[in-house]
$ cat entry03.txt   # compact mmCIF, C-alpha atoms
# COMPACT_ATOMS: atom_id res chain seq x y z
CA MET A 1 16.44 15.86 5.96
CA ALA A 2 14.59 12.57 6.42
CA LYS A 3 13.60 10.48 3.43
CA LEU A 4 9.92 10.38 2.45
CA ILE A 5 8.83 6.74 2.33
CA TYR A 6 5.93 5.45 0.23
CA LEU A 7 4.49 2.26 1.74
CA ALA A 8 3.08 0.07 -1.04
CA ALA A 9 0.87 -2.88 -0.14
CA PRO A 10 -1.78 -4.82 -2.05
CA TYR A 11 -5.37 -3.98 -1.25
CA TRP A 12 -7.83 -5.79 -3.50
CA ASN A 13 -9.07 -9.24 -2.55
CA ARG A 14 -12.51 -10.76 -3.06
CA PHE A 15 -12.74 -11.31 0.71
CA ALA A 16 -13.56 -8.18 2.73
CA ASP A 17 -11.85 -9.55 5.84
CA ILE A 18 -8.56 -9.92 3.95
CA ARG A 19 -8.87 -6.37 2.59
CA ALA A 20 -9.52 -5.11 6.12
CA ARG A 21 -6.56 -7.05 7.48
CA ARG A 22 -4.27 -5.63 4.79
CA VAL A 23 -5.34 -2.09 5.72
CA ALA A 24 -4.91 -2.80 9.44
CA GLU A 25 -1.46 -4.37 8.99
CA ALA A 26 -0.22 -1.62 6.67
CA SER A 27 -1.54 1.05 9.06
CA ALA A 28 0.10 -0.64 12.06
CA PHE A 29 3.39 -0.91 10.18
CA ALA A 30 3.20 2.76 9.12
CA TYR A 31 2.41 3.81 12.68
CA GLY A 32 5.39 1.86 13.98
CA ARG A 33 7.71 3.59 11.53
CA ALA A 34 6.16 7.02 12.12
CA SER A 35 6.61 6.58 15.87
CA ARG A 36 10.33 6.11 15.16
CA GLY A 37 10.39 9.40 13.28
CA ASP A 38 10.20 8.07 9.72
CA LEU A 39 8.27 10.22 7.24
CA ILE A 40 5.99 7.56 5.81
CA PHE A 41 2.90 7.69 3.58
CA SER A 42 0.57 4.68 3.56
CA PRO A 43 -1.93 4.87 0.70
CA LEU A 44 -4.05 2.09 2.21
CA SER A 45 -4.41 4.06 5.45
CA HIS A 46 -5.02 7.32 3.57
CA SER A 47 -7.59 6.02 1.09
CA THR A 48 -9.51 3.99 3.66
CA GLY A 49 -9.86 7.10 5.80
CA ILE A 50 -11.31 8.95 2.84
CA LEU A 51 -13.64 6.09 1.86
CA ASN A 52 -15.07 6.03 5.39
CA HIS A 53 -16.84 9.24 4.40
CA ALA A 54 -18.49 7.90 1.22
CA HIS A 55 -21.77 7.18 3.08
CA GLY A 56 -23.31 5.30 0.19
CA SER A 57 -22.17 7.63 -2.57
CA GLU A 58 -20.06 6.39 -5.48
CA PRO A 59 -16.41 6.24 -4.33
CA PRO A 60 -13.53 7.24 -6.61
CA SER A 61 -12.73 4.56 -9.19
CA GLU A 62 -9.97 2.00 -8.92
CA ASP A 63 -8.19 3.89 -11.72
CA TYR A 64 -8.27 7.05 -9.59
CA TRP A 65 -6.56 5.31 -6.65
CA ARG A 66 -4.01 3.65 -8.95
CA GLU A 67 -3.15 6.99 -10.58
CA LEU A 68 -2.91 8.76 -7.22
CA GLY A 69 -0.67 6.04 -5.78
CA ALA A 70 1.67 6.05 -8.77
CA GLU A 71 1.89 9.85 -8.71
CA ILE A 72 2.76 10.01 -5.02
CA ALA A 73 5.15 7.03 -5.23
CA GLY A 74 7.02 8.81 -8.02
CA ARG A 75 7.55 11.84 -5.78
CA CYS A 76 8.86 10.03 -2.70
CA ASP A 77 12.49 9.26 -1.93
CA THR A 78 11.97 5.53 -1.50
CA VAL A 79 9.23 2.95 -1.96
CA TRP A 80 8.81 0.14 0.52
CA VAL A 81 6.69 -2.81 -0.59
CA LEU A 82 4.95 -4.82 2.12
CA MET A 83 4.98 -8.32 0.68
CA PHE A 84 1.51 -9.36 1.78
CA PRO A 85 0.16 -12.34 -0.14
CA GLY A 86 -0.89 -11.09 -3.56
CA TRP A 87 1.69 -8.30 -3.82
CA GLU A 88 3.25 -9.90 -6.90
CA THR A 89 0.00 -9.61 -8.89
CA SER A 90 -1.25 -6.26 -7.58
CA ALA A 91 -1.98 -3.79 -10.40
CA GLY A 92 -1.58 -0.95 -7.92
CA ILE A 93 1.86 -2.07 -6.81
CA GLU A 94 2.84 -2.61 -10.44
CA ALA A 95 1.92 1.03 -11.21
CA GLU A 96 3.70 2.31 -8.10
CA LEU A 97 6.89 0.38 -8.87
CA SER A 98 6.79 1.51 -12.47
CA ALA A 99 6.54 5.16 -11.38
CA ALA A 100 9.37 4.67 -8.89
CA GLY A 101 11.52 3.02 -11.56
CA ARG A 102 10.98 5.86 -14.03
CA ALA A 103 11.94 8.37 -11.34
CA GLY A 104 15.03 6.39 -10.27
CA ILE A 105 13.63 5.91 -6.76
CA GLU A 106 15.04 3.16 -4.57
CA ILE A 107 12.71 0.24 -3.83
CA GLU A 108 12.86 -2.03 -0.81
CA PHE A 109 10.84 -5.20 -0.26
CA ILE A 110 9.68 -5.97 3.28
CA ASN A 111 8.26 -9.23 4.58
CA PRO A 112 6.53 -8.35 7.86
CA PRO A 113 6.45 -11.26 10.34
CA ASN A 114 2.63 -11.40 10.43
CA CYS A 115 2.48 -12.22 6.72
CA ILE A 116 3.73 -15.74 7.36
CA GLU A 117 0.38 -16.64 8.97
CA TRP A 118 -1.70 -15.58 5.97
CA PRO A 119 -3.05 -18.13 3.49
CA ARG A 120 -0.78 -18.20 0.45
CA GLU A 121 -2.82 -20.35 -1.88
CA ASN A 122 -5.85 -19.07 -3.73
CA ASP A 123 -6.09 -16.01 -1.49
CA GLY A 124 -8.42 -14.31 -3.93
CA ALA A 125 -6.06 -11.59 -5.07
$ encode --input "entry03.txt" --output "C-alpha cells"
Amino acid sequence: MAKLIYLAAPYWNRFADIRARRVAEASAFAYGRASRGDLIFSPLSHSTGILNHAHGSEPPSEDYWRELGAEIAGRCDTVWVLMFPGWETSAGIEAELSAAGRAGIEIEFINPPNCIEWPRENDGA
C-alpha cells in the first residue's frame, strides 16, 4: 500500500501575489507527485479550493485551518515540507510538524528548484 503524504508549505504573507504563488507552486508540486502515483494531500490546494466558494462570507478562521492541517498531518504516513521562503516561521508548519512528531511520522524537507528565485529577505512572512 502506498504511503499517504502530507505536503506542508507556508501560506501567509502580507503580499497577495506571494500567497498566490505559494498555492500555485504547492499545487503544481502535488500534481507532479500525484501524476507519478503518489497519494498526496496538499492543504494549500484543498483550502484554496474551498475558499473560492466564500463569495464574500466570513471564511473559516486561521485557527480552523491550523487545527485541520495538524489533524490531517498527524494521520498521514509522512510529511513533506516545501521549503518556500518563510517556512521556518510558519505557525501552520510548526503545528503540522508538532503533530507529526507526536505521532512518530517521518518528516522530509524539500527545496523545490523554483524557490531559489524567490526573495529571501523581508518577504513579509
$ closest_residue --input "entry03.txt" --among "A:Met1, A:Leu7, A:Ile93, A:Ala24" --to "A:Gly37" --atoms "all atoms listed in the file"
A:Met1
$ residues_around --input "entry03.txt" --residues "A:Ala91" --least-positions-apart "6" --cutoff "12 Å" --atoms "all atoms listed in the file" --output "CSV table (one decimal) with C-alpha atoms, in the frame of the given file"
chain,number,residue,atom,x,y,z
A,8,ALA,CA,3.1,0.1,-1.0
A,9,ALA,CA,0.9,-2.9,-0.1
A,10,PRO,CA,-1.8,-4.8,-2.0
A,11,TYR,CA,-5.4,-4.0,-1.2
A,12,TRP,CA,-7.8,-5.8,-3.5
A,13,ASN,CA,-9.1,-9.2,-2.6
A,62,GLU,CA,-10.0,2.0,-8.9
A,63,ASP,CA,-8.2,3.9,-11.7
A,65,TRP,CA,-6.6,5.3,-6.6
A,66,ARG,CA,-4.0,3.6,-9.0
A,67,GLU,CA,-3.2,7.0,-10.6
A,69,GLY,CA,-0.7,6.0,-5.8
A,70,ALA,CA,1.7,6.0,-8.8
A,97,LEU,CA,6.9,0.4,-8.9
A,98,SER,CA,6.8,1.5,-12.5
A,125,ALA,CA,-6.1,-11.6,-5.1
$ atom_distance --input "entry03.txt" --atom1 "atom CA of A:Ala95" --atom2 "atom CA of A:Ala30"
20.4 Å
$ closest_residue --input "entry03.txt" --among "A:Gly92, A:Pro85, A:Gly56, A:Gly101" --to "A:Leu68" --atoms "all atoms listed in the file"
A:Gly92
$ axis_aligned_box --input "entry03.txt" --around "stretch 62-76 of chain A" --padding-each-side "5 Å" --output "AutoDock Vina command-line options"
--center_x -0.6 --center_y 6.9 --center_z -7.2 --size_x 28.8 --size_y 19.8 --size_z 19.0
$ residues_near_point --input "entry03.txt" --point "(12.7, 15.8, -0.6)" --cutoff "8 Å" --atoms "all atoms listed in the file" --output "MDAnalysis selection string"
chainID A and resid 1:4 76:77
$ atom_distance --input "entry03.txt" --atom1 "atom CA of A:Ala99" --atom2 "atom CA of A:Glu71"
7.1 Å
$ closest_residue --input "entry03.txt" --among "A:Ala20, A:Ile72, A:Ala28, A:Ile5" --to "A:Ile40" --atoms "only C-alpha atoms"
A:Ile5
$ closest_residue --input "entry03.txt" --among "A:Arg14, A:His55, A:Met83, A:Tyr6" --to "A:Asp38" --atoms "all atoms listed in the file"
A:Tyr6
$ atom_distance --input "entry03.txt" --atom1 "atom CA of A:Ile50" --atom2 "atom CA of A:Ile110"
25.8 Å
